[in-house]
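Since the structure comes first, as structure tokens, the remarks are kept for the end.
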There are 2 protein chains.
Amino acid sequence: MKIESVDFFYLKMPLIHDIGDGSQDALVVRIRSGDLTGWGECEASPLVSIANAVCPPSHSACWNIVDQVLGVEIHAVDDIFALGRCVRARGMDIAQTAHTFSGVEIALWDLLGKKLEEPVFRLLGYDTAYPKIPYASLLFDETPDKTYQAAREVQSQGFRAVKFGWGGYGQGSVEDDRDQVQAAREGFGLDGTFFVDAGTVWNEDVEAARQRLTALEEARVTWLEEPFVGSALHAYRELRGHCKTVKLAGGEGSQDVFSAQHLIDAGGVEFIQIDTGRIGGIAPAKTIADYALAKNVTFVNHTFTTSLALVASITPFAGVQSAEICEYPFKSTELAKSLVIDPLVPIDGQLVLPEGPGLGIELDLGTLSEFLVDVEIKIDGKVLYRTPLV
Amino acid sequence: MKIESVDFFYLKMPLIHDIGDGSQDALVVRIRSGDLTGWGECEASPLVSIANAVCPPSHSACWNIVDQVLGVEIHAVDDIFALGRCVRARGMDIAQTAHTFSGVEIALWDLLGKKLEEPVFRLLGYDTAYPKIPYASLLFDETPDKTYQAAREVQSQGFRAVKFGWGGYGQGSVEDDRDQVQAAREGFGLDGTFFVDAGTVWNEDVEAARQRLTALEEARVTWLEEPFVGSALHAYRELRGHCKTVKLAGGEGSQDVFSAQHLIDAGGVEFIQIDTGRIGGIAPAKTIADYALAKNVTFVNHTFTTSLALVASITPFAGVQSAEICEYPFKSTELAKSLVIDPLVPIDGQLVLPEGPGLGIELDLGTLSEFLVDVEIKIDGKVLYRTPLV
């Protein structure tokens with residue numbers, strides 16, 4: 001099966017708000033071979049990754065993505081792993097490479113699954129896609145009272161787990177943060193599982209994080225996510241020494257397998273959160289799912305965009321029964337909600353991956369057209385990229 | 001001093017060869033405030049970083065560079081450090097951010113130095129810029145005989161140190177690699193300092209690297225550079241255990257302070273190589289220079305483009321007398337050679353930083369015009385970026 005076309009589509013909401021909601025735009029990838037079409041999505045700045053897809057080369061390790069993928073033969077799982085290694089080496093000096101290739105790689109899995117008439121999770125060696133317990137992932141609201149109301153709404157919709165994060169958390173006083181966390185716990189009820197996401201707000205400041213631990217433990221928070229940037233391994237390790245009941249989670253920024261492994265081994269996180277749209281796709285995410293299992297660490301997907309990204313992010317650990325929690329964007333935009341026909345939604349508090357070939361989803365091409373951004377990049381008067389036809 | 005404009009210029013040679021020569025293109029940054037102009041350079045894929053400079057935001061942690069820099073007040077050294085932290089946080093989810101900001105940050109130092117009428121190395125707290133011993137940095141040639149000739153040429157030009165790397169090194173047999181290394185040593189003579197750069201060719205394969213150690217030690221190679229990708233810390237650490245006389249070097253890919261620190265602490269490199277054009281500029285590079293000194297590790301610049309990048313890359317460790325080696329691109333392109341009027345060249349086997357204000361260099365605007373690439377990026381019909389006037 002020869003890769004005949006690789007197309008990037010930049011979608012966005014009419015207005016982008018300056019909040020931590022990653023579902024306001026999307027970069028969708030379409031790959032074609034013969035009659036078959038595979039779809040993927042990058043968790044990336046769309047324009048930056050489009051430039052990365054088509055940029056003129058700078059030297060032998062600074063090469064674009066499309067040149068490495070067009071014309072390649074993909075017949076088996078190993079071909080996708082091998083292509084991933086090649087693209088990474090050839091694009092080593094372009095920092096954006098892993099973000100951009102991720103969507104391509106996901107589309108290749110979708111395509112290969114369609115060709116072989118198998119769901120991707122089975123190509124990965126899993127017999128079964130176990131149901132996951134989705135946690136509703138949302139942002140802390142402006143006031144504790146609004147956060148309380150939001151938590152009640154989540155609870156009323158039957159979710160067994162919730163995560164609040166970002167907003168102003170970690171930027172104000174310790175008391176402000178305590179009030180937000182307490183409000184979320186009270187709104188959601190005492191029974192549910194509750195996570196807090198600090199969104200790297202303390203960079204590497206262990207003391208700032210440590211001061212919030214008492215409130216988190218009083219509210220029976222299961223994990224504190226990303227107190228620090230992902231490369232501040234020493235800070236994760238030090239904070240872990242201060243934790244009594246709360247565990248640490250992180251890893252969404254990982255752009256390769258090694259970085260995620262370091263967070264586990266040196267950082268001491270007990271939940272490793274991988275975004276298939278950033279780490280380079282499904283193959284490296286699966287490698288980390290295997291690694292986490294061996295290390296007694298729980299793999300969790302990271303995702304905050306469309307239902308296409310949601311399915312792709314769950315696939316790498318679909319068959320790991322013990323890793324039963326998965327992220328589920330609760331208040332995503334119209335774009336993110338409508339990109340996939342028949343999107344994955346919780347049923348009886350559970351998410352079950354589709355069993356169809358590839359990723360088992362179908363895109364709504366009307367949504368693709370409706371939110372499409374018209375981009376044109378010219379170099380010395382010649383068009384290098386123009387938004388392709390849907 | 002308010003930042004009034006931030007302009008990116010993409011320069012390239014007419015033809016880009018598929019070899020490891022990073023001097024074939026360049027991304028130059030010009031920042032203006034009143035009558036003053038500062039210049040910097042990104043070690044980055046130019047088109048990708050231009051897109052990163054101006055891209056529409058995706059959410060609160062996925063923001064472009066120019067919006068963070070335009071209009072900012074820069075009066076003192078701390079303002080540049082603070083802006084770097086801000087840009088990193090606001091651009092956290094764009095992998096390219098550190099590459100792109102690097103050139104901006106270097107231009108800000110140049111500008112501030114001009115404003116305060118001080119060389120940048122003095123703004124960093126160094127009294128003196130100690131002379132450095134440049135090593136001629138070049139690629140292994142096609143055959144051992146050609147490599148021998150190249151090494152002789154370097155030696156005849158008075159260099160006391162040389163580095164060969166890339167080419168086919170590490171990709172063929174152990175014997176082929178030995179022949180190349182021997183030829184380089186023989187051509188350069190027995191007295192000189194000799195380094196070998198594997199260019200991450202073995203990814204994380206310790207055994208492949210280990211098999212080359214005997215030949216490297218027989219040829220009295222001082223350091224083996226980048227046997228593995230920079231995040232494969234375990235592989236660096238394991239290989240170090242097999243080294244008798246050869247030391248390990250790495251770090252050019254570091255995009256933040258933490259990654260470089262990990263290579264020192266967990267990877268065990270004894271030479272840490274930082275590219276100010278990638279790590280986020282001069283401030284984080286200086287932080288690593290301080291850290292390396294405290295850890296008894298030798299800081300070395302990484303640079304393979306223009307004389308502007310060369311000066312910027314030496315500045316962060318200009319005052320560290322014990323770190324006396326610096327990289328010097330030996331066979332760079334016409335573009336790279338001519339961008340700076342009166343470029344830094346070795347005199348009596350030494351390089352001395354200029355003492356003028358800022359980076360102490362002047363750009364040849366004729367070169368800037370001659371190699372300039374005309375880029376235009378449009379979004380929904382509106383021009384988002386167009387190559388600025390020189």
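Scheme for the structure tokens: letters A, B, ... for chains in order shown; per-chain residue numbers from 1; ligand numbers from 1 in order shown.
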Given a cut-off of 8 Å, which residues of chain B touch chain A, counting only C-alpha atoms, written out as an mmCIF file with all heavy atoms, in the first residue's frame?
```cif
data_model
loop_
_atom_site.group_PDB
_atom_site.id
_atom_site.type_symbol
_atom_site.label_atom_id
_atom_site.label_comp_id
_atom_site.auth_asym_id
_atom_site.auth_seq_id
_atom_site.Cartn_x
_atom_site.Cartn_y
_atom_site.Cartn_z
ATOM 1 N N ILE B 16 20.307 23.469 -1.482
ATOM 2 C CA ILE B 16 20.523 22.832 -0.176
ATOM 3 C C ILE B 16 20.948 21.385 -0.421
ATOM 4 O O ILE B 16 20.224 20.614 -1.053
ATOM 5 C CB ILE B 16 19.229 22.850 0.671
ATOM 6 C CG1 ILE B 16 18.713 24.283 0.875
ATOM 7 C CG2 ILE B 16 19.440 22.123 2.002
ATOM 8 C CD1 ILE B 16 19.539 25.149 1.787
ATOM 9 N N HIS B 17 22.133 21.027 0.067
ATOM 10 C CA HIS B 17 22.625 19.660 -0.097
ATOM 11 C C HIS B 17 22.188 18.804 1.084
ATOM 12 O O HIS B 17 22.110 19.292 2.216
ATOM 13 C CB HIS B 17 24.154 19.657 -0.207
ATOM 14 C CG HIS B 17 24.650 20.445 -1.377
ATOM 15 N ND1 HIS B 17 24.668 19.943 -2.661
ATOM 16 C CD2 HIS B 17 25.095 21.724 -1.465
ATOM 17 C CE1 HIS B 17 25.123 20.874 -3.486
ATOM 18 N NE2 HIS B 17 25.400 21.966 -2.791
ATOM 19 N N ASP B 18 21.952 17.531 0.805
ATOM 20 C CA ASP B 18 21.459 16.617 1.839
ATOM 21 C C ASP B 18 22.616 16.065 2.680
ATOM 22 O O ASP B 18 22.864 14.863 2.726
ATOM 23 C CB ASP B 18 20.673 15.489 1.162
ATOM 24 C CG ASP B 18 19.867 14.668 2.168
ATOM 25 O OD1 ASP B 18 19.870 15.022 3.359
ATOM 26 O OD2 ASP B 18 19.256 13.662 1.748
ATOM 27 N N ILE B 19 23.322 16.978 3.317
ATOM 28 C CA ILE B 19 24.459 16.630 4.174
ATOM 29 C C ILE B 19 24.296 17.361 5.503
ATOM 30 O O ILE B 19 23.449 18.242 5.627
ATOM 31 C CB ILE B 19 25.812 17.029 3.533
ATOM 32 C CG1 ILE B 19 25.813 18.543 3.207
ATOM 33 C CG2 ILE B 19 26.068 16.213 2.270
ATOM 34 C CD1 ILE B 19 27.153 19.069 2.721
ATOM 35 N N GLY B 20 25.113 16.991 6.484
ATOM 36 C CA GLY B 20 24.965 17.547 7.834
ATOM 37 C C GLY B 20 25.582 18.929 8.007
ATOM 38 O O GLY B 20 26.118 19.221 9.081
ATOM 39 N N ASP B 21 25.490 19.775 7.012
ATOM 40 C CA ASP B 21 26.062 21.126 7.067
ATOM 41 C C ASP B 21 24.957 22.125 7.397
ATOM 42 O O ASP B 21 24.131 22.471 6.547
ATOM 43 C CB ASP B 21 26.706 21.459 5.717
ATOM 44 C CG ASP B 21 27.175 22.916 5.641
ATOM 45 O OD1 ASP B 21 27.087 23.633 6.664
ATOM 46 O OD2 ASP B 21 27.640 23.328 4.565
ATOM 47 N N GLY B 22 24.969 22.589 8.648
ATOM 48 C CA GLY B 22 23.910 23.473 9.136
ATOM 49 C C GLY B 22 24.038 24.914 8.679
ATOM 50 O O GLY B 22 23.224 25.748 9.062
ATOM 51 N N GLN B 24 23.716 26.043 5.648
ATOM 52 C CA GLN B 24 23.128 26.242 4.312
ATOM 53 C C GLN B 24 21.951 27.210 4.313
ATOM 54 O O GLN B 24 21.528 27.669 3.267
ATOM 55 C CB GLN B 24 22.714 24.893 3.718
ATOM 56 C CG GLN B 24 23.891 23.930 3.596
ATOM 57 C CD GLN B 24 23.466 22.603 2.986
ATOM 58 O OE1 GLN B 24 23.360 22.487 1.776
ATOM 59 N NE2 GLN B 24 23.207 21.609 3.814
ATOM 60 N N ASP B 25 21.390 27.445 5.488
ATOM 61 C CA ASP B 25 20.389 28.506 5.587
ATOM 62 C C ASP B 25 20.503 29.158 6.956
ATOM 63 O O ASP B 25 21.339 28.753 7.779
ATOM 64 C CB ASP B 25 18.957 28.010 5.286
ATOM 65 C CG ASP B 25 18.436 26.987 6.280
ATOM 66 O OD1 ASP B 25 19.076 26.788 7.342
ATOM 67 O OD2 ASP B 25 17.386 26.394 6.004
ATOM 68 N N ALA B 44 17.322 27.038 13.661
ATOM 69 C CA ALA B 44 15.974 26.485 13.496
ATOM 70 C C ALA B 44 15.632 26.360 12.031
ATOM 71 O O ALA B 44 16.228 27.027 11.186
ATOM 72 C CB ALA B 44 14.967 27.418 14.163
ATOM 73 N N SER B 45 14.662 25.531 11.742
ATOM 74 C CA SER B 45 14.083 25.506 10.405
ATOM 75 C C SER B 45 13.406 26.852 10.190
ATOM 76 O O SER B 45 12.457 27.198 10.892
ATOM 77 C CB SER B 45 13.047 24.388 10.312
ATOM 78 O OG SER B 45 12.241 24.576 9.175
ATOM 79 N N LEU B 47 11.308 28.370 8.028
ATOM 80 C CA LEU B 47 9.870 28.532 7.772
ATOM 81 C C LEU B 47 9.041 28.120 8.990
ATOM 82 O O LEU B 47 8.040 28.771 9.326
ATOM 83 C CB LEU B 47 9.437 27.710 6.546
ATOM 84 C CG LEU B 47 7.979 27.934 6.152
ATOM 85 C CD1 LEU B 47 7.745 29.357 5.642
ATOM 86 C CD2 LEU B 47 7.530 26.915 5.103
ATOM 87 N N VAL B 48 9.471 27.061 9.661
ATOM 88 C CA VAL B 48 8.716 26.597 10.835
ATOM 89 C C VAL B 48 8.754 27.658 11.934
ATOM 90 O O VAL B 48 7.738 27.966 12.568
ATOM 91 C CB VAL B 48 9.283 25.250 11.349
ATOM 92 C CG1 VAL B 48 8.491 24.770 12.560
ATOM 93 C CG2 VAL B 48 9.260 24.193 10.249
ATOM 94 N N SER B 49 9.914 28.263 12.132
ATOM 95 C CA SER B 49 10.013 29.276 13.187
ATOM 96 C C SER B 49 9.338 30.591 12.786
ATOM 97 O O SER B 49 8.829 31.304 13.649
ATOM 98 C CB SER B 49 11.475 29.483 13.607
ATOM 99 O OG SER B 49 11.835 28.469 14.542
ATOM 100 N N ALA B 51 6.562 30.671 11.107
ATOM 101 C CA ALA B 51 5.161 30.354 11.428
ATOM 102 C C ALA B 51 4.924 30.467 12.931
ATOM 103 O O ALA B 51 3.910 31.008 13.383
ATOM 104 C CB ALA B 51 4.811 28.954 10.931
ATOM 105 N N ASN B 52 5.869 29.987 13.711
ATOM 106 C CA ASN B 52 5.784 30.053 15.175
ATOM 107 C C ASN B 52 5.814 31.503 15.672
ATOM 108 O O ASN B 52 5.163 31.851 16.659
ATOM 109 C CB ASN B 52 6.960 29.258 15.759
ATOM 110 C CG ASN B 52 6.984 29.168 17.265
ATOM 111 O OD1 ASN B 52 7.964 28.696 17.809
ATOM 112 N ND2 ASN B 52 5.953 29.596 17.962
ATOM 113 N N CYS B 55 2.024 32.780 14.377
ATOM 114 C CA CYS B 55 0.821 31.938 14.247
ATOM 115 C C CYS B 55 -0.342 32.447 15.090
ATOM 116 O O CYS B 55 -0.150 33.013 16.160
ATOM 117 C CB CYS B 55 1.148 30.503 14.641
ATOM 118 S SG CYS B 55 1.710 30.288 16.336
ATOM 119 N N PRO B 56 -1.578 32.233 14.628
ATOM 120 C CA PRO B 56 -2.726 32.532 15.481
ATOM 121 C C PRO B 56 -2.657 31.655 16.734
ATOM 122 O O PRO B 56 -2.219 30.512 16.671
ATOM 123 C CB PRO B 56 -3.925 32.117 14.610
ATOM 124 C CG PRO B 56 -3.408 32.036 13.214
ATOM 125 C CD PRO B 56 -1.974 31.656 13.333
ATOM 126 N N PRO B 57 -3.080 32.191 17.868
ATOM 127 C CA PRO B 57 -3.065 31.385 19.090
ATOM 128 C C PRO B 57 -4.074 30.231 19.015
ATOM 129 O O PRO B 57 -5.074 30.326 18.300
ATOM 130 C CB PRO B 57 -3.470 32.374 20.172
ATOM 131 C CG PRO B 57 -4.178 33.474 19.456
ATOM 132 C CD PRO B 57 -3.584 33.550 18.083
ATOM 133 N N SER B 58 -3.774 29.153 19.754
ATOM 134 C CA SER B 58 -4.712 28.026 19.859
ATOM 135 C C SER B 58 -5.427 28.032 21.204
ATOM 136 O O SER B 58 -6.580 27.652 21.306
ATOM 137 C CB SER B 58 -3.968 26.705 19.695
ATOM 138 O OG SER B 58 -3.391 26.606 18.411
ATOM 139 N N HIS B 59 -4.711 28.420 22.250
ATOM 140 C CA HIS B 59 -5.271 28.546 23.603
ATOM 141 C C HIS B 59 -4.239 29.247 24.467
ATOM 142 O O HIS B 59 -3.191 29.676 23.954
ATOM 143 C CB HIS B 59 -5.698 27.191 24.175
ATOM 144 C CG HIS B 59 -4.596 26.168 24.256
ATOM 145 N ND1 HIS B 59 -3.625 26.196 25.221
ATOM 146 C CD2 HIS B 59 -4.292 25.114 23.460
ATOM 147 C CE1 HIS B 59 -2.799 25.181 25.043
ATOM 148 N NE2 HIS B 59 -3.170 24.515 23.972
ATOM 149 N N SER B 60 -4.483 29.331 25.769
ATOM 150 C CA SER B 60 -3.654 30.196 26.615
ATOM 151 C C SER B 60 -2.196 29.763 26.737
ATOM 152 O O SER B 60 -1.347 30.572 27.110
ATOM 153 C CB SER B 60 -4.277 30.320 28.009
ATOM 154 O OG SER B 60 -4.367 29.051 28.628
ATOM 155 N N ALA B 61 -1.877 28.501 26.422
ATOM 156 C CA ALA B 61 -0.481 28.051 26.493
ATOM 157 C C ALA B 61 0.021 27.636 25.114
ATOM 158 O O ALA B 61 0.919 26.805 24.995
ATOM 159 C CB ALA B 61 -0.337 26.900 27.485
ATOM 160 N N CYS B 62 -0.567 28.223 24.094
ATOM 161 C CA CYS B 62 -0.199 27.880 22.716
ATOM 162 C C CYS B 62 -0.239 29.180 21.927
ATOM 163 O O CYS B 62 -1.066 29.369 21.047
ATOM 164 C CB CYS B 62 -1.197 26.854 22.186
ATOM 165 S SG CYS B 62 -0.601 25.878 20.787
ATOM 166 N N ASP B 93 2.881 24.757 24.591
ATOM 167 C CA ASP B 93 2.369 23.678 23.749
ATOM 168 C C ASP B 93 2.750 23.819 22.278
ATOM 169 O O ASP B 93 2.221 23.106 21.426
ATOM 170 C CB ASP B 93 0.850 23.555 23.912
ATOM 171 C CG ASP B 93 0.498 22.889 25.247
ATOM 172 O OD1 ASP B 93 1.423 22.385 25.915
ATOM 173 O OD2 ASP B 93 -0.686 22.887 25.627
ATOM 174 N N ILE B 94 3.673 24.723 21.985
ATOM 175 C CA ILE B 94 4.264 24.777 20.640
ATOM 176 C C ILE B 94 5.703 24.311 20.788
ATOM 177 O O ILE B 94 6.529 24.983 21.405
ATOM 178 C CB ILE B 94 4.211 26.196 20.043
ATOM 179 C CG1 ILE B 94 2.760 26.727 20.047
ATOM 180 C CG2 ILE B 94 4.785 26.199 18.623
ATOM 181 C CD1 ILE B 94 2.598 28.130 19.493
ATOM 182 N N ALA B 95 5.992 23.139 20.239
ATOM 183 C CA ALA B 95 7.313 22.540 20.465
ATOM 184 C C ALA B 95 8.435 23.426 19.940
ATOM 185 O O ALA B 95 9.550 23.407 20.462
ATOM 186 C CB ALA B 95 7.369 21.158 19.820
ATOM 187 N N GLN B 96 8.142 24.211 18.917
ATOM 188 C CA GLN B 96 9.165 25.028 18.266
ATOM 189 C C GLN B 96 9.559 26.268 19.082
ATOM 190 O O GLN B 96 10.531 26.955 18.730
ATOM 191 C CB GLN B 96 8.638 25.447 16.875
ATOM 192 C CG GLN B 96 9.668 26.016 15.914
ATOM 193 C CD GLN B 96 10.609 24.966 15.348
ATOM 194 O OE1 GLN B 96 10.420 23.767 15.535
ATOM 195 N NE2 GLN B 96 11.644 25.404 14.655
ATOM 196 N N HIS B 99 13.283 27.153 19.979
ATOM 197 C CA HIS B 99 14.096 27.451 18.782
ATOM 198 C C HIS B 99 13.828 28.872 18.287
ATOM 199 O O HIS B 99 14.742 29.603 17.929
ATOM 200 C CB HIS B 99 13.766 26.469 17.653
ATOM 201 C CG HIS B 99 14.411 25.129 17.795
ATOM 202 N ND1 HIS B 99 14.588 24.278 16.744
ATOM 203 C CD2 HIS B 99 14.938 24.495 18.870
ATOM 204 C CE1 HIS B 99 15.184 23.176 17.150
ATOM 205 N NE2 HIS B 99 15.400 23.277 18.448
ATOM 206 N N SER B 231 17.961 12.705 24.680
ATOM 207 C CA SER B 231 17.090 12.276 25.774
ATOM 208 C C SER B 231 17.356 10.833 26.220
ATOM 209 O O SER B 231 16.778 10.380 27.202
ATOM 210 C CB SER B 231 15.615 12.440 25.370
ATOM 211 O OG SER B 231 15.353 11.768 24.162
ATOM 212 N N ALA B 232 18.253 10.131 25.526
ATOM 213 C CA ALA B 232 18.556 8.739 25.905
ATOM 214 C C ALA B 232 19.610 8.709 27.012
ATOM 215 O O ALA B 232 20.712 8.175 26.852
ATOM 216 C CB ALA B 232 19.016 7.949 24.685
ATOM 217 N N GLY B 253 21.091 19.605 21.373
ATOM 218 C CA GLY B 253 19.651 19.625 21.132
ATOM 219 C C GLY B 253 18.841 20.169 22.298
ATOM 220 O O GLY B 253 17.625 20.305 22.185
ATOM 221 N N PHE B 258 16.755 22.308 32.024
ATOM 222 C CA PHE B 258 16.642 21.008 32.697
ATOM 223 C C PHE B 258 17.226 19.874 31.856
ATOM 224 O O PHE B 258 17.925 19.002 32.375
ATOM 225 C CB PHE B 258 15.182 20.701 33.024
ATOM 226 C CG PHE B 258 14.527 21.746 33.885
ATOM 227 C CD1 PHE B 258 13.284 22.266 33.561
ATOM 228 C CD2 PHE B 258 15.151 22.211 35.037
ATOM 229 C CE1 PHE B 258 12.678 23.228 34.353
ATOM 230 C CE2 PHE B 258 14.559 23.181 35.832
ATOM 231 C CZ PHE B 258 13.310 23.687 35.490
ATOM 232 N N SER B 259 16.943 19.875 30.564
ATOM 233 C CA SER B 259 17.435 18.793 29.704
ATOM 234 C C SER B 259 18.960 18.753 29.707
ATOM 235 O O SER B 259 19.565 17.680 29.722
ATOM 236 C CB SER B 259 16.957 18.992 28.267
ATOM 237 O OG SER B 259 15.582 19.198 28.240
ATOM 238 N N VAL B 373 15.096 34.993 1.326
ATOM 239 C CA VAL B 373 14.000 34.225 0.730
ATOM 240 C C VAL B 373 12.717 35.028 0.918
ATOM 241 O O VAL B 373 12.461 35.573 1.989
ATOM 242 C CB VAL B 373 13.869 32.847 1.424
ATOM 243 C CG1 VAL B 373 12.692 32.062 0.845
ATOM 244 C CG2 VAL B 373 15.155 32.061 1.287
ATOM 245 N N ASP B 374 11.931 35.085 -0.141
ATOM 246 C CA ASP B 374 10.683 35.831 -0.104
ATOM 247 C C ASP B 374 9.573 34.892 0.367
ATOM 248 O O ASP B 374 9.209 33.945 -0.321
ATOM 249 C CB ASP B 374 10.404 36.342 -1.525
ATOM 250 C CG ASP B 374 9.180 37.222 -1.567
ATOM 251 O OD1 ASP B 374 8.901 37.881 -0.556
ATOM 252 O OD2 ASP B 374 8.515 37.225 -2.612
ATOM 253 N N VAL B 375 9.071 35.142 1.557
ATOM 254 C CA VAL B 375 8.037 34.281 2.150
ATOM 255 C C VAL B 375 6.763 35.083 2.348
ATOM 256 O O VAL B 375 6.816 36.249 2.745
ATOM 257 C CB VAL B 375 8.486 33.731 3.524
ATOM 258 C CG1 VAL B 375 7.394 32.870 4.167
ATOM 259 C CG2 VAL B 375 9.780 32.944 3.407
ATOM 260 N N GLU B 376 5.644 34.444 2.065
ATOM 261 C CA GLU B 376 4.364 35.082 2.364
ATOM 262 C C GLU B 376 3.420 34.036 2.956
ATOM 263 O O GLU B 376 3.280 32.945 2.405
ATOM 264 C CB GLU B 376 3.752 35.665 1.089
ATOM 265 C CG GLU B 376 2.491 36.462 1.354
ATOM 266 C CD GLU B 376 1.854 36.964 0.064
ATOM 267 O OE1 GLU B 376 1.184 36.157 -0.616
ATOM 268 O OE2 GLU B 376 2.041 38.140 -0.256
ATOM 269 N N ILE B 377 2.824 34.371 4.087
ATOM 270 C CA ILE B 377 1.843 33.472 4.711
ATOM 271 C C ILE B 377 0.525 34.225 4.819
ATOM 272 O O ILE B 377 0.475 35.314 5.404
ATOM 273 C CB ILE B 377 2.308 33.018 6.111
ATOM 274 C CG1 ILE B 377 3.675 32.334 6.037
ATOM 275 C CG2 ILE B 377 1.271 32.086 6.747
ATOM 276 C CD1 ILE B 377 4.236 31.906 7.380
ATOM 277 N N LYS B 378 -0.511 33.631 4.233
ATOM 278 C CA LYS B 378 -1.835 34.235 4.299
ATOM 279 C C LYS B 378 -2.795 33.311 5.040
ATOM 280 O O LYS B 378 -2.770 32.090 4.836
ATOM 281 C CB LYS B 378 -2.393 34.436 2.893
ATOM 282 C CG LYS B 378 -1.926 35.675 2.181
ATOM 283 C CD LYS B 378 -2.718 35.798 0.892
ATOM 284 C CE LYS B 378 -2.189 36.882 -0.012
ATOM 285 N NZ LYS B 378 -2.843 36.822 -1.331
ATOM 286 N N ILE B 379 -3.641 33.913 5.852
ATOM 287 C CA ILE B 379 -4.707 33.168 6.538
ATOM 288 C C ILE B 379 -6.026 33.825 6.165
ATOM 289 O O ILE B 379 -6.202 35.028 6.391
ATOM 290 C CB ILE B 379 -4.504 33.221 8.067
ATOM 291 C CG1 ILE B 379 -3.197 32.563 8.468
ATOM 292 C CG2 ILE B 379 -5.705 32.641 8.794
ATOM 293 C CD1 ILE B 379 -3.301 31.236 9.134
ATOM 294 N N ASP B 380 -6.919 33.027 5.627
ATOM 295 C CA ASP B 380 -8.222 33.546 5.186
ATOM 296 C C ASP B 380 -8.055 34.845 4.376
ATOM 297 O O ASP B 380 -8.771 35.834 4.591
ATOM 298 C CB ASP B 380 -9.158 33.745 6.390
ATOM 299 C CG ASP B 380 -9.626 32.405 6.951
ATOM 300 O OD1 ASP B 380 -9.659 31.415 6.196
ATOM 301 O OD2 ASP B 380 -9.938 32.341 8.155
ATOM 302 N N GLY B 381 -7.085 34.822 3.487
ATOM 303 C CA GLY B 381 -6.895 35.935 2.557
ATOM 304 C C GLY B 381 -6.083 37.105 3.092
ATOM 305 O O GLY B 381 -5.685 37.986 2.335
#
```
Using DSSP assignments from the backbone, pull out every residue in stretch 108-298 of chain B that falls under strand (DSSP E) and give it to me as number ranges by chain.
B: 133-139, 161-165, 193-197, 223-225, 247-250, 271-274, 298
Residues near stretch 184-187 of chain B, cut-off 8 Å, only C-alpha atoms, skip fewer than 5 positions along chain, as a list in words
Pro144, Thr147, Tyr148, Gln149, Ala150, Ala151, Arg152, Gln155, Phe164, Phe194 and Ala219 of chain B
Among stretch 159-260 of chain A, which ones does DSSP place in alpha helix (DSSP H), written as a PyMOL selection string?
chain A and resi 174-188+206-210+213-218+233-240+257-260
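A straight line drawn from atom CA of A:Leu216 to atom CA of A:Lys244 is 10.3 Å long.
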Contacts of stretch 344-355 of chain B at 9 Å (only C-alpha atoms; same-chain gap of 6+ positions) as an mmCIF file with C-alpha atoms, in the first residue's frame:
```cif
data_model
loop_
_atom_site.group_PDB
_atom_site.id
_atom_site.type_symbol
_atom_site.label_atom_id
_atom_site.label_comp_id
_atom_site.auth_asym_id
_atom_site.auth_seq_id
_atom_site.Cartn_x
_atom_site.Cartn_y
_atom_site.Cartn_z
ATOM 1 C CA GLU B 118 28.406 47.356 27.253
ATOM 2 C CA PRO B 119 29.354 44.074 25.585
ATOM 3 C CA VAL B 120 26.864 41.320 26.386
ATOM 4 C CA PHE B 121 29.460 39.194 28.176
ATOM 5 C CA ALA B 129 36.147 37.490 27.632
ATOM 6 C CA TYR B 130 38.963 34.952 27.760
ATOM 7 C CA PRO B 131 40.436 33.805 24.442
ATOM 8 C CA LYS B 132 39.068 30.432 23.336
ATOM 9 C CA ILE B 133 40.824 27.718 21.377
ATOM 10 C CA PRO B 134 38.644 27.104 18.338
ATOM 11 C CA GLN B 157 45.889 26.454 8.898
ATOM 12 C CA GLY B 158 47.194 26.438 12.451
ATOM 13 C CA PHE B 159 44.260 24.891 14.309
ATOM 14 C CA ARG B 160 45.210 23.094 17.514
ATOM 15 C CA SER B 307 29.504 34.324 12.600
ATOM 16 C CA LEU B 308 26.565 36.019 14.339
ATOM 17 C CA LEU B 310 29.218 31.950 16.608
ATOM 18 C CA VAL B 311 29.602 35.104 18.702
ATOM 19 C CA ILE B 314 30.542 31.897 22.838
ATOM 20 C CA THR B 315 29.138 34.772 24.909
ATOM 21 C CA ALA B 318 33.146 33.930 27.596
ATOM 22 C CA CYS B 326 35.028 26.432 21.348
ATOM 23 C CA TYR B 328 34.271 26.909 14.948
ATOM 24 C CA ILE B 361 29.305 42.819 15.432
#
```
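Within 10 Å of A:Thr298, once only C-alpha atoms are used and residues closer than 2 positions along the same chain are dropped, the contacting residues are Ala249, Ile264, Val269, Glu270, Phe271, Ile272, Gln273, Ala289, Tyr291, Ala292, Leu293, Ala294, Lys295, Asn296, Val300, Phe317, Val320, Ser322, Ala323, Glu324 and Ile325 of chain A.
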